[in-house]
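One file, structure_29.cif, carrying mmCIF, N, CA and C atoms and all ligand atoms:
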```cif
data_protein
#
loop_
_atom_site.label_atom_id
_atom_site.label_comp_id
_atom_site.auth_asym_id
_atom_site.auth_seq_id
_atom_site.Cartn_x
_atom_site.Cartn_y
_atom_site.Cartn_z
N MET A 1 214.71 325.90 94.11
CA MET A 1 213.38 326.11 93.54
C MET A 1 212.94 324.87 92.77
N LYS A 2 211.65 324.52 92.97
CA LYS A 2 211.08 323.40 92.21
C LYS A 2 209.91 323.92 91.36
N VAL A 3 209.87 323.50 90.11
CA VAL A 3 208.89 324.01 89.15
C VAL A 3 208.07 322.86 88.57
N ALA A 4 206.76 323.07 88.43
CA ALA A 4 205.92 322.15 87.66
C ALA A 4 205.63 322.78 86.30
N ILE A 5 205.79 322.00 85.23
CA ILE A 5 205.58 322.52 83.88
C ILE A 5 204.61 321.61 83.14
N ALA A 6 203.76 322.20 82.30
CA ALA A 6 202.85 321.41 81.47
C ALA A 6 202.45 322.23 80.25
N SER A 7 202.00 321.52 79.24
CA SER A 7 201.45 322.19 78.05
C SER A 7 200.33 321.33 77.49
N ASP A 8 199.52 321.93 76.64
CA ASP A 8 198.62 321.13 75.81
C ASP A 8 199.35 320.84 74.49
N HIS A 9 198.62 320.32 73.50
CA HIS A 9 199.24 319.99 72.21
C HIS A 9 199.77 321.22 71.49
N GLY A 10 199.28 322.41 71.87
CA GLY A 10 199.71 323.66 71.21
C GLY A 10 200.99 324.23 71.77
N GLY A 11 201.57 323.58 72.80
CA GLY A 11 202.74 324.17 73.45
C GLY A 11 203.90 323.24 73.68
N ILE A 12 203.92 322.14 72.94
CA ILE A 12 204.93 321.11 73.19
C ILE A 12 206.36 321.59 72.93
N ARG A 13 206.54 322.36 71.86
CA ARG A 13 207.89 322.77 71.46
C ARG A 13 208.49 323.70 72.52
N ILE A 14 207.70 324.65 72.97
CA ILE A 14 208.21 325.59 73.98
C ILE A 14 208.40 324.86 75.31
N ARG A 15 207.54 323.91 75.61
CA ARG A 15 207.73 323.14 76.86
C ARG A 15 209.10 322.46 76.85
N GLN A 16 209.46 321.86 75.72
CA GLN A 16 210.76 321.21 75.61
C GLN A 16 211.89 322.22 75.79
N GLU A 17 211.73 323.39 75.17
CA GLU A 17 212.75 324.45 75.26
C GLU A 17 212.96 324.89 76.72
N ILE A 18 211.86 325.06 77.44
CA ILE A 18 211.95 325.55 78.82
C ILE A 18 212.49 324.44 79.75
N LYS A 19 212.17 323.20 79.46
CA LYS A 19 212.75 322.10 80.24
C LYS A 19 214.27 322.09 80.07
N GLN A 20 214.70 322.28 78.85
CA GLN A 20 216.15 322.31 78.57
C GLN A 20 216.80 323.48 79.30
N LEU A 21 216.13 324.63 79.28
CA LEU A 21 216.63 325.81 80.00
C LEU A 21 216.78 325.50 81.49
N MET A 22 215.75 324.89 82.08
CA MET A 22 215.80 324.60 83.52
C MET A 22 216.91 323.61 83.84
N GLU A 23 217.14 322.67 82.94
CA GLU A 23 218.26 321.74 83.16
C GLU A 23 219.58 322.50 83.17
N GLU A 24 219.74 323.42 82.21
CA GLU A 24 220.96 324.24 82.14
C GLU A 24 221.13 325.10 83.39
N MET A 25 220.00 325.57 83.94
CA MET A 25 220.04 326.45 85.11
C MET A 25 220.11 325.67 86.42
N GLY A 26 220.02 324.35 86.33
CA GLY A 26 220.06 323.53 87.53
C GLY A 26 218.79 323.64 88.37
N ILE A 27 217.67 323.90 87.70
CA ILE A 27 216.39 324.02 88.40
C ILE A 27 215.65 322.68 88.31
N GLU A 28 215.21 322.21 89.47
CA GLU A 28 214.47 320.94 89.52
C GLU A 28 213.05 321.18 88.99
N TYR A 29 212.55 320.24 88.17
CA TYR A 29 211.18 320.41 87.66
C TYR A 29 210.48 319.06 87.56
N ILE A 30 209.13 319.14 87.56
CA ILE A 30 208.34 317.97 87.22
C ILE A 30 207.50 318.31 85.99
N ASP A 31 207.46 317.38 85.06
CA ASP A 31 206.74 317.57 83.79
C ASP A 31 205.40 316.83 83.88
N LEU A 32 204.31 317.59 83.84
CA LEU A 32 202.97 317.00 83.97
C LEU A 32 202.28 316.83 82.61
N GLY A 33 203.05 316.73 81.55
CA GLY A 33 202.48 316.45 80.24
C GLY A 33 202.22 317.73 79.44
N CYS A 34 201.57 317.58 78.27
CA CYS A 34 200.86 316.38 77.86
C CYS A 34 201.78 315.43 77.05
N ALA A 35 201.38 314.17 76.99
CA ALA A 35 202.05 313.24 76.10
C ALA A 35 201.60 313.54 74.66
N CYS A 36 200.37 313.97 74.52
CA CYS A 36 199.86 314.63 73.33
C CYS A 36 199.99 313.86 72.02
N GLU A 37 199.32 312.75 71.91
CA GLU A 37 199.17 312.08 70.62
C GLU A 37 198.26 312.92 69.72
N GLY A 38 197.27 313.53 70.34
CA GLY A 38 196.33 314.36 69.57
C GLY A 38 195.93 315.58 70.36
N SER A 39 194.72 316.06 70.12
CA SER A 39 194.24 317.27 70.78
C SER A 39 193.81 316.96 72.21
N VAL A 40 194.22 317.79 73.15
CA VAL A 40 193.85 317.62 74.56
C VAL A 40 193.22 318.92 75.07
N ASP A 41 192.71 318.88 76.32
CA ASP A 41 192.03 320.04 76.90
C ASP A 41 192.93 320.74 77.91
N TYR A 42 193.22 322.03 77.67
CA TYR A 42 194.18 322.74 78.52
C TYR A 42 193.84 322.74 80.02
N PRO A 43 192.56 322.77 80.45
CA PRO A 43 192.34 322.76 81.92
C PRO A 43 192.88 321.50 82.60
N ASP A 44 192.94 320.40 81.85
CA ASP A 44 193.45 319.15 82.43
C ASP A 44 194.94 319.24 82.77
N TYR A 45 195.61 320.23 82.24
CA TYR A 45 197.04 320.44 82.50
C TYR A 45 197.29 321.67 83.37
N ALA A 46 196.48 322.71 83.16
CA ALA A 46 196.66 323.94 83.96
C ALA A 46 196.31 323.71 85.42
N LEU A 47 195.20 323.00 85.68
CA LEU A 47 194.73 322.88 87.07
C LEU A 47 195.66 322.04 87.94
N PRO A 48 196.18 320.90 87.48
CA PRO A 48 197.14 320.16 88.32
C PRO A 48 198.40 320.96 88.64
N VAL A 49 198.91 321.71 87.67
CA VAL A 49 200.09 322.54 87.94
C VAL A 49 199.74 323.61 88.96
N ALA A 50 198.60 324.28 88.77
CA ALA A 50 198.18 325.35 89.69
C ALA A 50 197.97 324.81 91.09
N GLU A 51 197.40 323.62 91.20
CA GLU A 51 197.16 323.04 92.53
C GLU A 51 198.47 322.69 93.23
N LYS A 52 199.44 322.25 92.48
CA LYS A 52 200.75 321.94 93.09
C LYS A 52 201.42 323.21 93.59
N VAL A 53 201.24 324.31 92.88
CA VAL A 53 201.79 325.59 93.34
C VAL A 53 201.03 326.04 94.59
N ALA A 54 199.70 325.98 94.55
CA ALA A 54 198.88 326.45 95.68
C ALA A 54 199.15 325.64 96.94
N SER A 55 199.41 324.35 96.79
CA SER A 55 199.64 323.48 97.96
C SER A 55 201.07 323.61 98.50
N GLY A 56 201.95 324.22 97.72
CA GLY A 56 203.33 324.35 98.14
C GLY A 56 204.20 323.16 97.75
N GLU A 57 203.60 322.22 97.02
CA GLU A 57 204.39 321.06 96.57
C GLU A 57 205.52 321.51 95.63
N VAL A 58 205.23 322.54 94.85
CA VAL A 58 206.28 323.17 94.03
C VAL A 58 206.24 324.67 94.29
N ASP A 59 207.32 325.36 93.94
CA ASP A 59 207.39 326.80 94.17
C ASP A 59 206.73 327.60 93.05
N ARG A 60 206.88 327.11 91.82
CA ARG A 60 206.38 327.85 90.66
C ARG A 60 205.81 326.89 89.61
N GLY A 61 205.00 327.44 88.70
CA GLY A 61 204.47 326.67 87.59
C GLY A 61 204.69 327.37 86.27
N ILE A 62 204.87 326.61 85.21
CA ILE A 62 204.98 327.16 83.86
C ILE A 62 204.03 326.39 82.96
N LEU A 63 203.17 327.13 82.22
CA LEU A 63 202.13 326.54 81.38
C LEU A 63 202.20 327.11 79.97
N ILE A 64 202.08 326.23 78.98
CA ILE A 64 202.13 326.69 77.59
C ILE A 64 200.98 326.07 76.83
N CYS A 65 200.23 326.91 76.09
CA CYS A 65 199.24 326.40 75.14
C CYS A 65 199.39 327.21 73.86
N GLY A 66 198.39 327.21 73.00
CA GLY A 66 198.51 327.93 71.74
C GLY A 66 198.69 329.42 71.95
N THR A 67 197.82 329.98 72.76
CA THR A 67 197.86 331.42 73.04
C THR A 67 198.34 331.74 74.45
N GLY A 68 198.31 330.76 75.33
CA GLY A 68 198.57 330.99 76.76
C GLY A 68 197.34 331.45 77.51
N ILE A 69 196.30 331.82 76.79
CA ILE A 69 195.12 332.42 77.43
C ILE A 69 194.32 331.39 78.22
N GLY A 70 194.02 330.26 77.58
CA GLY A 70 193.25 329.23 78.28
C GLY A 70 193.95 328.75 79.52
N MET A 71 195.25 328.52 79.42
CA MET A 71 196.04 328.08 80.57
C MET A 71 195.98 329.10 81.70
N SER A 72 196.11 330.39 81.37
CA SER A 72 196.13 331.42 82.41
C SER A 72 194.76 331.57 83.05
N ILE A 73 193.69 331.49 82.26
CA ILE A 73 192.34 331.59 82.82
C ILE A 73 192.12 330.45 83.80
N ALA A 74 192.45 329.23 83.39
CA ALA A 74 192.23 328.06 84.25
C ALA A 74 193.08 328.14 85.52
N ALA A 75 194.35 328.45 85.37
CA ALA A 75 195.26 328.46 86.54
C ALA A 75 194.81 329.49 87.57
N ASN A 76 194.31 330.63 87.10
CA ASN A 76 193.92 331.69 88.03
C ASN A 76 192.62 331.38 88.78
N LYS A 77 191.96 330.28 88.47
CA LYS A 77 190.80 329.84 89.25
C LYS A 77 191.20 329.20 90.57
N VAL A 78 192.47 328.81 90.68
CA VAL A 78 192.94 328.11 91.88
C VAL A 78 193.42 329.16 92.90
N LYS A 79 192.85 329.10 94.10
CA LYS A 79 193.18 330.06 95.15
C LYS A 79 194.67 330.05 95.45
N GLY A 80 195.26 331.24 95.51
CA GLY A 80 196.68 331.36 95.84
C GLY A 80 197.56 331.43 94.61
N VAL A 81 196.96 331.17 93.45
CA VAL A 81 197.74 331.22 92.21
C VAL A 81 197.63 332.61 91.58
N ARG A 82 198.78 333.14 91.20
CA ARG A 82 198.83 334.39 90.45
C ARG A 82 199.56 334.08 89.14
N CYS A 83 198.76 333.74 88.14
CA CYS A 83 199.31 333.33 86.85
C CYS A 83 199.37 334.54 85.92
N ALA A 84 200.54 334.78 85.36
CA ALA A 84 200.75 335.90 84.43
C ALA A 84 200.96 335.36 83.02
N LEU A 85 200.17 335.88 82.09
CA LEU A 85 200.35 335.57 80.67
C LEU A 85 201.35 336.57 80.11
N VAL A 86 202.49 336.09 79.67
CA VAL A 86 203.61 336.98 79.33
C VAL A 86 204.18 336.63 77.95
N HIS A 87 204.35 337.70 77.14
CA HIS A 87 204.94 337.51 75.82
C HIS A 87 206.07 338.51 75.54
N ASP A 88 206.58 339.14 76.62
CA ASP A 88 207.72 340.05 76.46
C ASP A 88 208.56 340.02 77.73
N VAL A 89 209.82 340.35 77.59
CA VAL A 89 210.78 340.23 78.70
C VAL A 89 210.50 341.27 79.79
N TYR A 90 210.06 342.46 79.39
CA TYR A 90 209.76 343.52 80.36
C TYR A 90 208.66 343.05 81.33
N SER A 91 207.58 342.51 80.77
CA SER A 91 206.48 342.03 81.62
C SER A 91 206.93 340.86 82.48
N ALA A 92 207.81 340.03 81.97
CA ALA A 92 208.32 338.89 82.74
C ALA A 92 208.99 339.38 84.01
N ARG A 93 209.78 340.45 83.88
CA ARG A 93 210.47 341.01 85.06
C ARG A 93 209.47 341.68 86.00
N LEU A 94 208.61 342.51 85.42
CA LEU A 94 207.67 343.28 86.26
C LEU A 94 206.64 342.40 86.97
N THR A 95 206.23 341.31 86.33
CA THR A 95 205.23 340.48 87.01
C THR A 95 205.83 339.70 88.17
N ARG A 96 207.12 339.55 88.19
CA ARG A 96 207.78 338.99 89.37
C ARG A 96 207.99 340.09 90.41
N GLU A 97 208.54 341.23 89.99
CA GLU A 97 208.84 342.31 90.95
C GLU A 97 207.58 342.85 91.61
N HIS A 98 206.50 343.00 90.84
CA HIS A 98 205.31 343.69 91.35
C HIS A 98 204.17 342.75 91.74
N ASN A 99 203.98 341.69 90.97
CA ASN A 99 202.81 340.81 91.21
C ASN A 99 203.17 339.52 91.93
N ASP A 100 204.46 339.26 92.12
CA ASP A 100 204.91 338.00 92.71
C ASP A 100 204.20 336.82 92.03
N SER A 101 204.11 336.87 90.72
CA SER A 101 203.42 335.79 89.98
C SER A 101 204.11 334.47 90.27
N ASN A 102 203.30 333.46 90.51
CA ASN A 102 203.87 332.14 90.82
C ASN A 102 203.62 331.12 89.70
N VAL A 103 202.89 331.53 88.69
CA VAL A 103 202.73 330.71 87.48
C VAL A 103 202.92 331.61 86.26
N LEU A 104 203.67 331.10 85.29
CA LEU A 104 203.92 331.80 84.03
C LEU A 104 203.19 331.07 82.91
N ALA A 105 202.40 331.80 82.11
CA ALA A 105 201.75 331.20 80.94
C ALA A 105 202.29 331.87 79.67
N MET A 106 202.51 331.06 78.64
CA MET A 106 202.96 331.59 77.34
C MET A 106 202.23 330.87 76.21
N GLY A 107 202.17 331.51 75.06
CA GLY A 107 201.49 330.96 73.90
C GLY A 107 202.43 330.67 72.76
N GLU A 108 202.48 329.41 72.36
CA GLU A 108 203.43 328.99 71.31
C GLU A 108 203.02 329.46 69.91
N ARG A 109 201.75 329.85 69.77
CA ARG A 109 201.33 330.39 68.47
C ARG A 109 201.55 331.90 68.42
N VAL A 110 202.05 332.45 69.53
CA VAL A 110 202.25 333.90 69.64
C VAL A 110 203.74 334.26 69.57
N ILE A 111 204.56 333.49 70.29
CA ILE A 111 206.01 333.75 70.31
C ILE A 111 206.77 332.47 69.98
N GLY A 112 208.03 332.64 69.62
CA GLY A 112 208.89 331.49 69.29
C GLY A 112 209.65 331.01 70.51
N PRO A 113 210.36 329.89 70.37
CA PRO A 113 211.08 329.30 71.49
C PRO A 113 212.21 330.17 72.04
N GLY A 114 212.84 330.96 71.19
CA GLY A 114 213.95 331.81 71.65
C GLY A 114 213.47 332.86 72.63
N LEU A 115 212.39 333.55 72.28
CA LEU A 115 211.84 334.58 73.17
C LEU A 115 211.25 333.93 74.43
N ALA A 116 210.60 332.78 74.26
CA ALA A 116 210.03 332.08 75.42
C ALA A 116 211.13 331.74 76.42
N ARG A 117 212.28 331.33 75.93
CA ARG A 117 213.43 330.99 76.79
C ARG A 117 213.89 332.23 77.58
N GLU A 118 213.99 333.38 76.89
CA GLU A 118 214.42 334.61 77.57
C GLU A 118 213.42 335.02 78.63
N ILE A 119 212.13 334.94 78.28
CA ILE A 119 211.06 335.28 79.22
C ILE A 119 211.15 334.39 80.46
N ALA A 120 211.27 333.09 80.24
CA ALA A 120 211.30 332.15 81.36
C ALA A 120 212.54 332.38 82.23
N LYS A 121 213.67 332.67 81.60
CA LYS A 121 214.91 332.89 82.35
C LYS A 121 214.77 334.09 83.27
N VAL A 122 214.24 335.18 82.74
CA VAL A 122 214.04 336.39 83.55
C VAL A 122 213.02 336.12 84.65
N TRP A 123 211.92 335.47 84.28
CA TRP A 123 210.84 335.18 85.26
C TRP A 123 211.34 334.30 86.39
N LEU A 124 212.19 333.34 86.06
CA LEU A 124 212.69 332.39 87.08
C LEU A 124 213.74 333.01 88.00
N THR A 125 214.36 334.09 87.57
CA THR A 125 215.48 334.65 88.35
C THR A 125 215.18 336.00 88.99
N THR A 126 213.99 336.55 88.76
CA THR A 126 213.66 337.87 89.31
C THR A 126 212.91 337.72 90.63
N GLU A 127 213.32 338.48 91.64
CA GLU A 127 212.71 338.43 92.97
C GLU A 127 211.54 339.42 93.08
N PHE A 128 210.60 339.09 93.95
CA PHE A 128 209.50 339.98 94.30
C PHE A 128 210.05 341.15 95.12
N GLU A 129 209.58 342.38 94.82
CA GLU A 129 210.07 343.57 95.52
C GLU A 129 209.43 343.76 96.89
N GLY A 130 208.24 343.20 97.10
CA GLY A 130 207.55 343.38 98.39
C GLY A 130 207.07 344.82 98.56
N GLY A 131 207.11 345.31 99.81
CA GLY A 131 206.71 346.70 100.10
C GLY A 131 205.28 346.98 99.70
N ARG A 132 205.06 348.06 98.96
CA ARG A 132 203.69 348.45 98.58
C ARG A 132 203.02 347.37 97.72
N HIS A 133 203.84 346.60 97.01
CA HIS A 133 203.29 345.54 96.17
C HIS A 133 202.72 344.40 97.01
N ALA A 134 203.33 344.18 98.17
CA ALA A 134 202.84 343.13 99.07
C ALA A 134 201.44 343.49 99.58
N ASN A 135 201.20 344.78 99.84
CA ASN A 135 199.86 345.21 100.29
C ASN A 135 198.82 344.84 99.25
N ARG A 136 199.16 345.02 97.99
CA ARG A 136 198.22 344.75 96.89
C ARG A 136 197.95 343.25 96.76
N ILE A 137 199.00 342.47 96.90
CA ILE A 137 198.83 341.01 96.86
C ILE A 137 197.96 340.56 98.03
N ASN A 138 198.16 341.17 99.19
CA ASN A 138 197.35 340.83 100.36
C ASN A 138 195.87 341.10 100.12
N LYS A 139 195.55 342.15 99.38
CA LYS A 139 194.14 342.45 99.08
C LYS A 139 193.52 341.35 98.22
N ILE A 140 194.30 340.82 97.30
CA ILE A 140 193.80 339.69 96.48
C ILE A 140 193.62 338.47 97.37
N HIS A 141 194.59 338.25 98.24
CA HIS A 141 194.54 337.11 99.16
C HIS A 141 193.30 337.20 100.06
N GLN A 142 193.04 338.39 100.58
CA GLN A 142 191.87 338.59 101.46
C GLN A 142 190.59 338.31 100.69
N TYR A 143 190.52 338.77 99.46
CA TYR A 143 189.32 338.53 98.62
C TYR A 143 189.09 337.03 98.43
N GLU A 144 190.19 336.31 98.25
CA GLU A 144 190.08 334.86 98.06
C GLU A 144 189.55 334.14 99.30
N GLN A 145 189.79 334.74 100.47
CA GLN A 145 189.35 334.09 101.71
C GLN A 145 187.85 334.25 101.95
N ASN A 146 187.22 335.21 101.27
CA ASN A 146 185.78 335.49 101.50
C ASN A 146 184.87 334.60 100.66
C1 LIG B 1 193.97 324.61 71.32
O1 LIG B 1 193.54 324.59 70.01
C2 LIG B 1 194.00 326.05 71.84
O2 LIG B 1 192.70 326.51 71.99
C3 LIG B 1 194.76 326.12 73.13
O3 LIG B 1 196.06 325.67 72.93
C4 LIG B 1 194.89 327.49 73.75
O4 LIG B 1 195.33 328.42 72.83
C5 LIG B 1 193.73 327.96 74.49
O5 LIG B 1 193.69 329.05 75.05
#
```
Go ahead and express the file in the form of structure tokens.
Ligand code: RB5
Amino acid sequence: MKVAIASDHGGIRIRQEIKQLMEEMGIEYIDLGCACEGSVDYPDYALPVAEKVASGEVDRGILICGTGIGMSIAANKVKGVRCALVHDVYSARLTREHNDSNVLAMGERVIGPGLAREIAKVWLTTEFEGGRHANRINKIHQYEQN
């Protein structure tokens, strides 16, 4: 699995934590910033990650900002992206099993690095269940084609 990760200035600490986690897990990743000397705009980071997921250049994306909300709104504008804003481990598992989410968004002003690490670990290792859930994903896919 290959992952693209990015944050704005509000998510640098958790981005570092998740990069360390992926290194421990042996997961290949590309870091798309931010370098973040000062304040930056989250769409400039969410959209490149989402486009890499949509094109198949990477398998998954992880985005962190202050709340995770801006990143998730922007990422979900890209066709083929199913970005889940997650702040608990239960949702991390279910959004993989049921929604086949391919981008994870988290907010560093909402949760700490320890919980973010647990969420990312579960999200990265949980498989999509398919079946009835695949029918639902297909309906979203069909809508995107129109
Ligand atoms: C930046 O101040 C903040 O708005 C951003 O990190 C994020 O929370 C947006 O949704």
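Note that the spacing between atom CA of A:Ser39 and atom CA of A:Ser72 amounts to 18.4 Å.
Here atom CA of A:Ile30 and atom CA of A:His141 stand 26.4 Å from one another.
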### Query
Could you name the residues that touch A:Arg93 at 10 Å or less, counting only C-alpha atoms, but leaving out those on the same chain fewer than 3 positions away, as a count of residues only?
19
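The space between atom N of A:Val81 and atom N of A:His9 spans 22.8 Å.
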#### Entry: Nearby polymer residues, ligand LIG 1 (chain B), at most 6 Å, all atoms listed in the file, as a list in words
Asp8, His9, Gly10, Gly11, Cys65, Gly66, Thr67, Gly68, Ile69, Gly70 and Met71 of chain A
## Note on the structure
Restricting to only C-alpha atoms, whichever of A:Gly112, A:Leu47, A:Ala54, A:Ile12 is closest to A:Gly33 is A:Ile12
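Nearest residue to A:Leu85 among A:Asp31, A:Glu108, A:Glu23, A:Asp44 is A:Glu108, counting only C-alpha atoms.
Residues with any atom within 7 Å of the point (204.4, 321.1, 91.3), counting only C-alpha atoms, are Val3, Ala4, Ile30, Val49, Lys52, Val53, Glu57, Val58 and Gly61 of chain A.
Distances here use only N, CA and C atoms; by that measure, the residue among A:Arg60, A:Arg117, A:Lys77, A:His87 closest to A:Asn102 is A:Arg60.
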Taking all atoms of stretch 17-35 of chain A that appear in the file, build a box with edges along x, y and z, extend it by 5 Å on every side, and state its centre and edge lengths in Å to one decimal, as JSON.
```
{"center_x": 211.0, "center_y": 319.8, "center_z": 82.1, "size_x": 30.3, "size_y": 23.2, "size_z": 24.9}
```
